[in-house]
Amino acid sequence: MVFDLDMIRNFYSNFLHKIEKIRKVIDRPMTYSEKILYSHLVGDLKRNFRNSYIDFLPDRIIMQDATAQMTLLQFMQTKKYKTAIPTSIHCDHLILAKNGSYLDLKNATKQNKEIYTFLRSASHKYGIDFWGPGSGIIHQVFLENYAFPGGMIIGTDSHTPNAGGLGMLAIGIGGSDAAEVMSGSLLELKFPKIIGVYLKGKISGWTSPKDVILKLSGMIGVSGATNHIIEYFGKGTNSISCVGKATICNMGAEIGATASLFPYDINMKNFLNKNGRDQISDMAEKIKYFLKADPEVYQKPCNYYDKVITIDLDILEPYINGPFTPDKATPISKMKKEAYKNNWPTKIEVGLIGSCTNSSYEDFSKAISIIQQAKKKKLKINSEYMISPGSKRVLSLIKKKGFLSLFKEIGAKIFSNACGPCIGQWIRKENKKNSENTIVHTFNRNFSSRNDGNPKTHAFIASPEIVTALVFSGNLTFDPRKDMLKNEIGEYVKFEEPKSMETPTSNFDMKKLGYEKFSKKENISVIIKKNSKRLQILPKFFPWDGNHFMNIRLLIKTKGKCTTDHISMAGSWLKYRGNLKKISENLLMGAVNAFNNEKNKIKNIITGNYETIYNVAKFYNSKNIQTLIVGEDNYGEGSSREHAAMEPRFLGVRVVLVKSFSRIHETNLKKQGILALTFLNSDDYYKIQEEDSFHFYIKNICYNNENIEVELIHKNKFQEKIIVCHSYNKRQIQWFKAGSSLNFIKNH
C-alpha cells in the first residue's frame with residue numbers, strides 16, 4: 001500500500017511549474033530548502049522574505065500519542081468535522097519499558113486503554129490514520145510509509161525533522177499549531193535562515209552518520225541553529241544511507257534547527273523501493289535534478305547559504321557526547337583523558353540501542369556485526385544491553401534474518417517498538433536512586449534525569465556500533481579501533497571494523513504492521529470517560545483585559561539549563577498528558593531555583609514558607625496574583641511539548657522573561673496567551689531578586705517589535721527600570737489579546 005499516492009502525484013506534477021514561477025520572482029539560484037519552502041508558501045511571492053512570518057500549507061501532519069491528546073482536545077474546540085489536511089497518530093510514547101516487549105505491550109494496552117480508545121475514536125471521527133501501540137516509533141514509521149522527497153510535513157514532536165533523511169522538509173511544532181492547521185488555518189513560520197553543511201570525503205570504518213551530527217553539535221552548541229534550516233551538501237552525502245541521513249536530521253533538533261535536509265539521491269530511491277514505494281521513487285526520479293539545490297549554489301555555497309560549515313568525513317572519528325547535554329562532544333580518542341579529568345564514572349552499567357534516532361534495520365545490522373565478531377572471539381557482554389526496534393517492519397526483518405536470536409543469545413533484553421528509555425519510559429531495575437553511574441545509548445537527548453529519573457546518571461550518546469562495542473568492554477574509555485579485550489580463554493582480541501548489511505526488500509500487510517484506516521461512518525463520538533483522571537476537556541483561558549500587567553509576582557528565577565523536561569517532566573507524568581489540571585502538578589519540578597540552588601523549592605512571599613513550585617503557583621492563582629517566570633539562555637530547549645506552556649498559563653503565569661528562547665517553546669508560549677519576552681540587556685537577569693514584584697507597561701503593545709518598559713520593585717521598596725523585547729507579529733498580538741490562539745480562531 002502506498003499512502004497519499006494521488007496527493008504526491010499531484011504535488012510532483014505541479015512542482016516544476018511552481019519552481020519556475022518562483023524563479024521569475026526571486027531571480028537567483030535556489031537552495032533545496034528554498035525550493036520546498038517557496039513551493040508550499042501561500043500568498044504573494046516576494047523577493048525577500050527574510051525575518052518575516054510567512055504562511056505555509058504543509059502536505060501532512062503527524063502526531064505521537066502523548067502530544068496527540070492535547071492536540072485533539074484543542075482541535076475539538078474548533079468544532080470542525082474533519083481534518084483539513086492528511087493526519088496520522090502513532091502510539092509510541094506510552095509504553096513503559098520494564099519486563100520486555102510482550103509483557104510491556106500487554107501492560108501498556110491495559111493501562112492506557114482509555115487513552116488509546118480516545119485517540120482511536122477521534123481518529124475515526126476526524127479522518128485520521130491511526131497506528132496502534134506496538135506499531136513503531138512515529139519517525140521510523142513515517143519514514144517507511146509517508147515521507148517523500150520535496151514534500152513538507154509538520155509534527156507534534158521535536159524530532160519530526162527525521163524525515164529530512166528522505167529529502168523532505170519536516171518541522172517540529174506544538175500541538176496548538178497542529179490543531180490550527182488541522183482546522184484549516186495555515187502554518188505561520190518565521191522564514192528561516194539556512195546553514196549549509198558541506199560534507200567532503202567518505203564515511204568509513206568505525207565512523208557512522210551519527211558522528212556527523214555529534215560532531216556538529218559540539219561545533220555550534222544547543223542553540224547554534226535556532227531559526228535555521230540545516231542543509232547538507234557535497235559528495236560526502238552520497239556515502240550516507242537514507243536512514244543514516246535521517247539520524248543526522250533527527251538530531252538537528254538538539255542544536256535548535258527548524259529542520260534539516262539532504263538532497264535527493266540514489267540512497268533515497270533505494271530506500272523507497274525496498275519499502276514497497278517504487279511508485280514514489282519513479283516520480284521523484286523524473287525530477288531528481290530539481291530535488292536539490294541549483295548547481296550554482298554548490299559551486300559558490302557562501303553566496304547562497306547564510307553560513308557554511310565543512311566536515312571532512314575522511315578524518316571524522318567516532319564521537320561520544322555527554323553527559324547531561326547533547327552538545328558536549330568528545331572524540332573517542334580523547335574520552336579516556338576527558339573522563340578522568342571530569343571524574344566521570346567509567347564503568348558502563350547499561351548500553352541501549354533504539355529511539356527514533358537509531359532503530360532501523362541498518363542500525364541493528366551494525367550492532368549485529370559486532371556481536372557476530374564477539375561470538376567468534378569468545379567475548380561476553382560486561383554491561384546490561386537493551387534493544388528497542390523502531391517499527392514492526394524492522395522487528396519482522398531482524399527476526400527473519402536471525403538478528404533477534406543473536407541479541408537474545410548474548411543476553412540483550414528486547415523492548416517494544418516504542419520510545420521507552422529514550423523519553424524516561426523505563427523502569428530501571430538495580431539502579432539505586434541518586435547513585436552516580438554511567439549509561440551509553442543511541443538516543444538524541446541526555447538531559448539530567450531524562451532516561452531513568454536519576455539526576456546522577458551520566459548518559460552518553462554514541463552510534464549503535466560504538467554502544468555495542470562499549471557494552472562488551474564495560475568501560476567508557478574503551479576505543480574499539482585500537483584497544484583489545486581479554487576473552488573467556490584469556491586471549492586478547494580486537495574488534496574489526498563493523499559492517500552494515502543491506503536492508504531486505506519488504507512488502508507487508510499494513511494492518512499487520514499496526515495501521516488502521518479511519519472510518520467513513522457518520523456520527524462517530526469521541527470517547528472521554530466521565531470523571532477521568534487521564535483526560536479533561538480543556539478549560540478556557542481568558543482574554544487580556546487591555547491593561548498593563550501590574551504587581552506581577554516572581555514565581556521562580558531559574559538557573560542554568562531549563563529544558564521542557566525541567567518545565568514539564570515526561571516519564572511517569574506522560575499518562576496525564578490529556579489532563580491539564582493533573583499534569584500541572586509537575587510544573588518546573590526539575591528547574592533549579594537561582595536563589596537557593598535547589599529544585600522544586602521556592603519561597604511563597606505571602607506566607608514566607610518554602611514550598612513546591614506547584615503549591616506556590618496554585619496558592620498565588622487562588623489569590624488572583626499573576627506571576628512571572630525568569631530564565632536564562634535557550635529556555636524551553638528540547639521537546640515540542642506544549643504542556644510546558646499550558647501548565648504555567650493554567651496556574652496564573654502571565655509572563656516568561658528570559659535571556660533567549662528555543663524556537664518551539666517561544667511559539668508555544670505565544671499560542672497559550674503568555675507574554676514571551678527577552679531581556680534587552682541580558683545582564684538585567686542578575687538584577688531580579690527573590691521577593692520582587694513587577695509592572696509591565698504593555699498597554700500599547702504592537703507588532704513592530706517596540707520594546708517594553710518594566711519596573712522592578714524590590715523588597716526594600718527600591719525601584720529600577722529595565723527594558724525587555726518581544727518578537728510578536730500582528731497575528732500573534734491578536735492571539736495574546738484573545739487569551740490564546742484557539743480563542744482567536746473560534747472568534748473569527
# chains A, B, ... in the order shown; residues from 1 in each chain; ligands from 1

call {"tool": "closest_atom_pairs", "arguments": {"of": "region 352-458 of chain A", "to": "region 468-475 of chain A", "cutoff": "8 Å", "atoms": "only C-alpha atoms", "output": "tab-separated table"}}
result
residue	atom	partner	partner_atom	distance
A:Ala367	CA	A:Thr468	CA	5.9
A:Ile370	CA	A:Ala469	CA	6.7
A:Ile371	CA	A:Thr468	CA	7.7
A:Leu379	CA	A:Phe472	CA	7.1
A:Lys380	CA	A:Phe472	CA	6.1
A:Ile381	CA	A:Phe472	CA	4.1
A:Asn382	CA	A:Gly474	CA	4.7
A:Ser383	CA	A:Val471	CA	5.1
A:Glu384	CA	A:Val471	CA	7.3
A:Tyr385	CA	A:Val471	CA	6.9

call {"tool": "select_by_dssp", "arguments": {"residues": "region 133-328 of chain A", "states": "strand (DSSP E)", "output": "PyMOL selection string"}}
result
chain A and resi 152-155+169-172+187-190+193-200+228-233+259-261+307-312+319-321

call {"tool": "select_by_dssp", "arguments": {"residues": "region 64-151 of chain A", "states": "helix (DSSP H, G or I)", "output": "PyMOL selection string"}}
result
chain A and resi 65-77+101-111+113-126+138-145

call {"tool": "closest_atom_pairs", "arguments": {"of": "region 425-460 of chain A", "to": "region 254-273 of chain A", "cutoff": "12 Å", "atoms": "only C-alpha atoms", "output": "JSON lines"}}
result
{"residue": "A:Phe443", "atom": "CA", "partner": "A:Glu254", "partner_atom": "CA", "distance": 11.1}
{"residue": "A:Asn444", "atom": "CA", "partner": "A:Glu254", "partner_atom": "CA", "distance": 7.3}
{"residue": "A:Arg445", "atom": "CA", "partner": "A:Glu254", "partner_atom": "CA", "distance": 7.4}
{"residue": "A:Asn446", "atom": "CA", "partner": "A:Glu254", "partner_atom": "CA", "distance": 10.2}
{"residue": "A:Phe447", "atom": "CA", "partner": "A:Glu254", "partner_atom": "CA", "distance": 11.0}

call {"tool": "closest_residue", "arguments": {"among": "A:Lys559, A:Arg731, A:Lys376, A:Lys215", "to": "Ala462 (chain A)", "atoms": "only C-alpha atoms"}}
result
A:Lys215

call {"tool": "residues_around", "arguments": {"residues": "Leu535 (chain A)", "least_positions_apart": "6", "cutoff": "8 Å", "atoms": "only C-alpha atoms", "output": "PyMOL selection string"}}
result
chain A and resi 115+528-529+576-579

call {"tool": "write_last_selection", "arguments": {"atoms": "N, CA and C atoms", "output": "JSON list (two decimals), in the first residue's frame"}}
result
[["chain", "number", "residue", "atom", "x", "y", "z"],
["A", 115, "ILE", "N", -6.84, 5.99, 26.96],
["A", 115, "ILE", "CA", -6.21, 6.92, 26.03],
["A", 115, "ILE", "C", -6.27, 6.39, 24.60],
["A", 528, "ILE", "N", -14.62, 10.06, 25.89],
["A", 528, "ILE", "CA", -13.93, 10.53, 27.08],
["A", 528, "ILE", "C", -14.76, 10.11, 28.29],
["A", 529, "LYS", "N", -14.18, 9.33, 29.17],
["A", 529, "LYS", "CA", -14.92, 8.85, 30.34],
["A", 529, "LYS", "C", -15.23, 9.99, 31.29],
["A", 576, "TYR", "N", -0.59, 11.62, 32.13],
["A", 576, "TYR", "CA", -1.53, 12.72, 32.39],
["A", 576, "TYR", "C", -1.51, 13.79, 31.30],
["A", 577, "ARG", "N", -0.96, 13.45, 30.15],
["A", 577, "ARG", "CA", -0.84, 14.45, 29.09],
["A", 577, "ARG", "C", -2.19, 14.98, 28.59],
["A", 578, "GLY", "N", -3.27, 14.25, 28.85],
["A", 578, "GLY", "CA", -4.59, 14.70, 28.43],
["A", 578, "GLY", "C", -5.37, 15.38, 29.53],
["A", 579, "ASN", "N", -4.74, 15.59, 30.69],
["A", 579, "ASN", "CA", -5.42, 16.21, 31.83],
["A", 579, "ASN", "C", -4.57, 17.37, 32.33]]

call {"tool": "closest_residue", "arguments": {"among": "A:Lys245, A:Lys125, A:Arg641, A:Lys603", "to": "Phe619 (chain A)", "atoms": "only C-alpha atoms"}}
result
A:Lys603

call {"tool": "residues_around", "arguments": {"residues": "Lys746 (chain A)", "least_positions_apart": "3", "cutoff": "12 Å", "atoms": "only C-alpha atoms", "output": "number ranges by chain"}}
result
A: 74-80, 180, 183, 185, 540, 735, 738-743

call {"tool": "write_last_selection", "arguments": {"atoms": "C-alpha atoms", "output": "CSV table (one decimal), in the first residue's frame"}}
result
chain,number,residue,atom,x,y,z
A,74,GLN,CA,-7.7,21.7,21.3
A,75,PHE,CA,-8.9,20.7,17.8
A,76,MET,CA,-12.3,19.7,19.3
A,77,GLN,CA,-12.7,23.3,20.4
A,78,THR,CA,-12.7,24.5,16.8
A,79,LYS,CA,-15.9,22.5,16.1
A,80,LYS,CA,-14.5,21.2,12.8
A,180,GLU,CA,-5.0,25.1,13.9
A,183,SER,CA,-8.9,23.0,11.3
A,185,SER,CA,-5.6,27.5,9.1
A,540,LYS,CA,-10.9,28.3,28.7
A,735,TRP,CA,-3.6,35.6,20.0
A,738,ALA,CA,-7.8,36.9,22.7
A,739,GLY,CA,-6.1,34.9,25.5
A,740,SER,CA,-4.9,32.1,23.2
A,741,SER,CA,-4.6,31.3,19.5
A,742,LEU,CA,-7.5,28.9,19.7
A,743,ASN,CA,-9.7,31.6,21.3

call {"tool": "closest_atom_pairs", "arguments": {"of": "region 494-572 of chain A", "to": "region 202-207 of chain A", "cutoff": "9 Å", "atoms": "only C-alpha atoms", "output": "tab-separated table"}}
result
residue	atom	partner	partner_atom	distance
A:Glu496	CA	A:Gly205	CA	8.9
A:Glu497	CA	A:Gly205	CA	5.4
A:Pro498	CA	A:Trp206	CA	6.5
A:Lys499	CA	A:Gly205	CA	8.4

call {"tool": "write_last_selection", "arguments": {"atoms": "all heavy atoms", "output": "PDB file, in the first residue's frame"}}
result
ATOM      1  N   GLU A 496      37.150  -5.919  14.640  1.00  0.00           N
ATOM      2  CA  GLU A 496      37.382  -5.384  13.299  1.00  0.00           C
ATOM      3  C   GLU A 496      36.305  -4.343  13.007  1.00  0.00           C
ATOM      4  O   GLU A 496      35.333  -4.212  13.748  1.00  0.00           O
ATOM      5  CB  GLU A 496      37.311  -6.522  12.275  1.00  0.00           C
ATOM      6  CG  GLU A 496      38.412  -7.565  12.464  1.00  0.00           C
ATOM      7  CD  GLU A 496      37.938  -8.961  12.094  1.00  0.00           C
ATOM      8  OE1 GLU A 496      36.994  -9.068  11.280  1.00  0.00           O
ATOM      9  OE2 GLU A 496      38.491  -9.926  12.648  1.00  0.00           O
ATOM     10  N   GLU A 497      36.478  -3.616  11.936  1.00  0.00           N
ATOM     11  CA  GLU A 497      35.508  -2.577  11.580  1.00  0.00           C
ATOM     12  C   GLU A 497      34.129  -3.187  11.359  1.00  0.00           C
ATOM     13  O   GLU A 497      34.001  -4.247  10.731  1.00  0.00           O
ATOM     14  CB  GLU A 497      35.950  -1.844  10.313  1.00  0.00           C
ATOM     15  CG  GLU A 497      37.217  -1.025  10.491  1.00  0.00           C
ATOM     16  CD  GLU A 497      37.678  -0.380   9.197  1.00  0.00           C
ATOM     17  OE1 GLU A 497      37.043  -0.636   8.143  1.00  0.00           O
ATOM     18  OE2 GLU A 497      38.655   0.385   9.235  1.00  0.00           O
ATOM     19  N   PRO A 498      33.085  -2.555  11.866  1.00  0.00           N
ATOM     20  CA  PRO A 498      31.729  -3.090  11.690  1.00  0.00           C
ATOM     21  C   PRO A 498      31.256  -2.940  10.247  1.00  0.00           C
ATOM     22  O   PRO A 498      31.712  -2.062   9.513  1.00  0.00           O
ATOM     23  CB  PRO A 498      30.887  -2.216  12.628  1.00  0.00           C
ATOM     24  CG  PRO A 498      31.642  -0.931  12.713  1.00  0.00           C
ATOM     25  CD  PRO A 498      33.097  -1.290  12.632  1.00  0.00           C
ATOM     26  N   LYS A 499      30.365  -3.803   9.859  1.00  0.00           N
ATOM     27  CA  LYS A 499      29.787  -3.756   8.512  1.00  0.00           C
ATOM     28  C   LYS A 499      28.270  -3.629   8.628  1.00  0.00           C
ATOM     29  O   LYS A 499      27.646  -4.265   9.476  1.00  0.00           O
ATOM     30  CB  LYS A 499      30.125  -5.032   7.733  1.00  0.00           C
ATOM     31  CG  LYS A 499      31.611  -5.361   7.671  1.00  0.00           C
ATOM     32  CD  LYS A 499      32.379  -4.369   6.825  1.00  0.00           C
ATOM     33  CE  LYS A 499      33.860  -4.768   6.743  1.00  0.00           C
ATOM     34  NZ  LYS A 499      34.658  -3.738   6.030  1.00  0.00           N
TER      35      LYS A 499
END

call {"tool": "residues_around", "arguments": {"residues": "Ala617 (chain A)", "least_positions_apart": "6", "cutoff": "9 Å", "atoms": "only C-alpha atoms", "output": "PyMOL selection string"}}
result
chain A and resi 555+587+604+627+648+651-653

call {"tool": "write_last_selection", "arguments": {"atoms": "all heavy atoms", "output": "mmCIF file, in the first residue's frame"}}
result
data_model
loop_
_atom_site.group_PDB
_atom_site.id
_atom_site.type_symbol
_atom_site.label_atom_id
_atom_site.label_comp_id
_atom_site.auth_asym_id
_atom_site.auth_seq_id
_atom_site.Cartn_x
_atom_site.Cartn_y
_atom_site.Cartn_z
ATOM 1 N N LEU A 555 7.492 34.074 40.309
ATOM 2 C CA LEU A 555 7.264 32.694 40.745
ATOM 3 C C LEU A 555 8.604 32.014 40.985
ATOM 4 O O LEU A 555 8.883 31.520 42.073
ATOM 5 C CB LEU A 555 6.451 31.925 39.702
ATOM 6 C CG LEU A 555 6.150 30.467 40.048
ATOM 7 C CD1 LEU A 555 5.268 30.374 41.291
ATOM 8 C CD2 LEU A 555 5.501 29.741 38.869
ATOM 9 N N LEU A 587 4.770 21.166 37.412
ATOM 10 C CA LEU A 587 5.326 22.404 36.868
ATOM 11 C C LEU A 587 6.714 22.710 37.425
ATOM 12 O O LEU A 587 6.891 22.860 38.634
ATOM 13 C CB LEU A 587 4.381 23.576 37.154
ATOM 14 C CG LEU A 587 4.874 24.946 36.677
ATOM 15 C CD1 LEU A 587 4.976 24.982 35.154
ATOM 16 C CD2 LEU A 587 3.957 26.064 37.173
ATOM 17 N N ASN A 604 7.211 31.233 49.036
ATOM 18 C CA ASN A 604 5.897 31.864 48.948
ATOM 19 C C ASN A 604 6.016 33.198 49.679
ATOM 20 O O ASN A 604 6.164 33.235 50.902
ATOM 21 C CB ASN A 604 4.841 30.970 49.603
ATOM 22 C CG ASN A 604 3.442 31.540 49.494
ATOM 23 O OD1 ASN A 604 3.235 32.758 49.567
ATOM 24 N ND2 ASN A 604 2.456 30.652 49.345
ATOM 25 N N THR A 627 1.688 35.869 37.961
ATOM 26 C CA THR A 627 3.097 35.596 38.218
ATOM 27 C C THR A 627 3.956 35.617 36.962
ATOM 28 O O THR A 627 3.462 35.652 35.830
ATOM 29 C CB THR A 627 3.262 34.229 38.926
ATOM 30 O OG1 THR A 627 2.599 33.219 38.161
ATOM 31 C CG2 THR A 627 2.704 34.269 40.328
ATOM 32 N N PRO A 648 2.010 26.545 33.040
ATOM 33 C CA PRO A 648 2.133 27.850 33.697
ATOM 34 C C PRO A 648 0.940 28.756 33.433
ATOM 35 O O PRO A 648 0.484 29.478 34.331
ATOM 36 C CB PRO A 648 3.434 28.428 33.123
ATOM 37 C CG PRO A 648 3.796 27.578 31.973
ATOM 38 C CD PRO A 648 3.165 26.252 32.174
ATOM 39 N N LEU A 651 -1.865 27.918 35.683
ATOM 40 C CA LEU A 651 -1.615 28.269 37.084
ATOM 41 C C LEU A 651 -1.342 29.759 37.295
ATOM 42 O O LEU A 651 -0.826 30.152 38.340
ATOM 43 C CB LEU A 651 -0.449 27.433 37.624
ATOM 44 C CG LEU A 651 -0.771 25.941 37.812
ATOM 45 C CD1 LEU A 651 0.488 25.141 38.110
ATOM 46 C CD2 LEU A 651 -1.794 25.743 38.933
ATOM 47 N N GLY A 652 -1.688 30.568 36.312
ATOM 48 C CA GLY A 652 -1.662 32.008 36.523
ATOM 49 C C GLY A 652 -0.396 32.731 36.117
ATOM 50 O O GLY A 652 -0.237 33.921 36.415
ATOM 51 N N VAL A 653 0.526 32.064 35.444
ATOM 52 C CA VAL A 653 1.718 32.745 34.936
ATOM 53 C C VAL A 653 1.330 33.551 33.696
ATOM 54 O O VAL A 653 0.743 33.018 32.764
ATOM 55 C CB VAL A 653 2.833 31.731 34.584
ATOM 56 C CG1 VAL A 653 4.012 32.432 33.911
ATOM 57 C CG2 VAL A 653 3.288 30.988 35.826
#

call {"tool": "residues_around", "arguments": {"residues": "Asp65 (chain A)", "least_positions_apart": "2", "cutoff": "9 Å", "atoms": "only C-alpha atoms", "output": "MDAnalysis selection string"}}
result
chainID A and resid 63 67:69 89:94 115:116 119

call {"tool": "residues_around", "arguments": {"residues": "region 293-306 of chain A", "least_positions_apart": "5", "cutoff": "12 Å", "atoms": "only C-alpha atoms", "output": "NGL selection string"}}
result
:A and (19 or 23 or 28-36 or 50 or 150 or 167 or 192-199 or 225 or 227-235 or 261-264 or 288)

call {"tool": "decode", "arguments": {"residues": "region 658-668 of chain A", "atoms": "all heavy atoms", "output": "PDB file, in the first residue's frame"}}
result
ATOM      1  N   VAL A 658      13.199  35.846  29.679  1.00  0.00           N
ATOM      2  CA  VAL A 658      14.440  35.064  29.643  1.00  0.00           C
ATOM      3  C   VAL A 658      15.506  35.772  28.813  1.00  0.00           C
ATOM      4  O   VAL A 658      15.229  36.758  28.128  1.00  0.00           O
ATOM      5  CB  VAL A 658      14.186  33.655  29.054  1.00  0.00           C
ATOM      6  CG1 VAL A 658      13.201  32.878  29.895  1.00  0.00           C
ATOM      7  CG2 VAL A 658      13.687  33.750  27.610  1.00  0.00           C
ATOM      8  N   LYS A 659      16.711  35.219  28.870  1.00  0.00           N
ATOM      9  CA  LYS A 659      17.779  35.750  28.018  1.00  0.00           C
ATOM     10  C   LYS A 659      17.538  35.386  26.552  1.00  0.00           C
ATOM     11  O   LYS A 659      17.748  36.187  25.651  1.00  0.00           O
ATOM     12  CB  LYS A 659      19.135  35.213  28.485  1.00  0.00           C
ATOM     13  CG  LYS A 659      19.561  35.714  29.863  1.00  0.00           C
ATOM     14  CD  LYS A 659      20.921  35.139  30.248  1.00  0.00           C
ATOM     15  CE  LYS A 659      21.352  35.604  31.626  1.00  0.00           C
ATOM     16  NZ  LYS A 659      22.670  35.036  32.010  1.00  0.00           N
ATOM     17  N   SER A 660      17.100  34.151  26.318  1.00  0.00           N
ATOM     18  CA  SER A 660      16.737  33.717  24.961  1.00  0.00           C
ATOM     19  C   SER A 660      15.879  32.460  25.043  1.00  0.00           C
ATOM     20  O   SER A 660      15.933  31.725  26.031  1.00  0.00           O
ATOM     21  CB  SER A 660      17.981  33.446  24.102  1.00  0.00           C
ATOM     22  OG  SER A 660      18.706  32.344  24.599  1.00  0.00           O
ATOM     23  N   PHE A 661      15.071  32.237  23.986  1.00  0.00           N
ATOM     24  CA  PHE A 661      14.158  31.095  23.926  1.00  0.00           C
ATOM     25  C   PHE A 661      14.613  30.078  22.882  1.00  0.00           C
ATOM     26  O   PHE A 661      15.276  30.424  21.897  1.00  0.00           O
ATOM     27  CB  PHE A 661      12.757  31.546  23.498  1.00  0.00           C
ATOM     28  CG  PHE A 661      11.963  32.270  24.535  1.00  0.00           C
ATOM     29  CD1 PHE A 661      11.789  33.649  24.448  1.00  0.00           C
ATOM     30  CD2 PHE A 661      11.365  31.598  25.586  1.00  0.00           C
ATOM     31  CE1 PHE A 661      11.037  34.330  25.392  1.00  0.00           C
ATOM     32  CE2 PHE A 661      10.614  32.265  26.535  1.00  0.00           C
ATOM     33  CZ  PHE A 661      10.448  33.640  26.432  1.00  0.00           C
ATOM     34  N   SER A 662      14.183  28.832  23.059  1.00  0.00           N
ATOM     35  CA  SER A 662      14.207  27.898  21.946  1.00  0.00           C
ATOM     36  C   SER A 662      12.999  28.222  21.064  1.00  0.00           C
ATOM     37  O   SER A 662      12.006  28.775  21.533  1.00  0.00           O
ATOM     38  CB  SER A 662      14.121  26.450  22.430  1.00  0.00           C
ATOM     39  OG  SER A 662      12.812  26.140  22.858  1.00  0.00           O
ATOM     40  N   ARG A 663      13.092  27.874  19.781  1.00  0.00           N
ATOM     41  CA  ARG A 663      12.065  28.289  18.817  1.00  0.00           C
ATOM     42  C   ARG A 663      10.679  27.761  19.144  1.00  0.00           C
ATOM     43  O   ARG A 663       9.708  28.523  19.224  1.00  0.00           O
ATOM     44  CB  ARG A 663      12.462  27.815  17.400  1.00  0.00           C
ATOM     45  CG  ARG A 663      11.398  28.110  16.331  1.00  0.00           C
ATOM     46  CD  ARG A 663      11.756  27.460  15.012  1.00  0.00           C
ATOM     47  NE  ARG A 663      11.791  26.024  15.062  1.00  0.00           N
ATOM     48  CZ  ARG A 663      10.720  25.245  14.896  1.00  0.00           C
ATOM     49  NH1 ARG A 663       9.520  25.773  14.705  1.00  0.00           N
ATOM     50  NH2 ARG A 663      10.829  23.928  14.923  1.00  0.00           N
ATOM     51  N   ILE A 664      10.548  26.450  19.332  1.00  0.00           N
ATOM     52  CA  ILE A 664       9.222  25.868  19.503  1.00  0.00           C
ATOM     53  C   ILE A 664       8.582  26.357  20.797  1.00  0.00           C
ATOM     54  O   ILE A 664       7.395  26.687  20.828  1.00  0.00           O
ATOM     55  CB  ILE A 664       9.281  24.321  19.485  1.00  0.00           C
ATOM     56  CG1 ILE A 664       9.813  23.816  18.139  1.00  0.00           C
ATOM     57  CG2 ILE A 664       7.905  23.723  19.745  1.00  0.00           C
ATOM     58  CD1 ILE A 664       9.959  22.303  18.067  1.00  0.00           C
ATOM     59  N   HIS A 665       9.365  26.436  21.862  1.00  0.00           N
ATOM     60  CA  HIS A 665       8.768  26.823  23.140  1.00  0.00           C
ATOM     61  C   HIS A 665       8.286  28.273  23.115  1.00  0.00           C
ATOM     62  O   HIS A 665       7.231  28.583  23.685  1.00  0.00           O
ATOM     63  CB  HIS A 665       9.760  26.615  24.281  1.00  0.00           C
ATOM     64  CG  HIS A 665       9.140  26.814  25.629  1.00  0.00           C
ATOM     65  ND1 HIS A 665       8.120  26.010  26.098  1.00  0.00           N
ATOM     66  CD2 HIS A 665       9.345  27.750  26.598  1.00  0.00           C
ATOM     67  CE1 HIS A 665       7.746  26.429  27.309  1.00  0.00           C
ATOM     68  NE2 HIS A 665       8.477  27.480  27.623  1.00  0.00           N
ATOM     69  N   GLU A 666       9.029  29.143  22.469  1.00  0.00           N
ATOM     70  CA  GLU A 666       8.587  30.537  22.376  1.00  0.00           C
ATOM     71  C   GLU A 666       7.232  30.614  21.667  1.00  0.00           C
ATOM     72  O   GLU A 666       6.316  31.323  22.109  1.00  0.00           O
ATOM     73  CB  GLU A 666       9.612  31.389  21.631  1.00  0.00           C
ATOM     74  CG  GLU A 666       9.216  32.864  21.548  1.00  0.00           C
ATOM     75  CD  GLU A 666      10.238  33.719  20.834  1.00  0.00           C
ATOM     76  OE1 GLU A 666      11.085  33.165  20.100  1.00  0.00           O
ATOM     77  OE2 GLU A 666      10.195  34.948  21.004  1.00  0.00           O
ATOM     78  N   THR A 667       7.092  29.867  20.577  1.00  0.00           N
ATOM     79  CA  THR A 667       5.814  29.849  19.858  1.00  0.00           C
ATOM     80  C   THR A 667       4.707  29.268  20.725  1.00  0.00           C
ATOM     81  O   THR A 667       3.583  29.784  20.751  1.00  0.00           O
ATOM     82  CB  THR A 667       5.944  29.034  18.555  1.00  0.00           C
ATOM     83  OG1 THR A 667       6.960  29.616  17.739  1.00  0.00           O
ATOM     84  CG2 THR A 667       4.636  29.013  17.792  1.00  0.00           C
ATOM     85  N   ASN A 668       5.007  28.189  21.449  1.00  0.00           N
ATOM     86  CA  ASN A 668       4.001  27.577  22.322  1.00  0.00           C
ATOM     87  C   ASN A 668       3.507  28.557  23.376  1.00  0.00           C
ATOM     88  O   ASN A 668       2.307  28.612  23.676  1.00  0.00           O
ATOM     89  CB  ASN A 668       4.576  26.331  23.003  1.00  0.00           C
ATOM     90  CG  ASN A 668       4.649  25.128  22.075  1.00  0.00           C
ATOM     91  OD1 ASN A 668       4.033  25.116  21.013  1.00  0.00           O
ATOM     92  ND2 ASN A 668       5.392  24.123  22.472  1.00  0.00           N
TER      93      ASN A 668
END
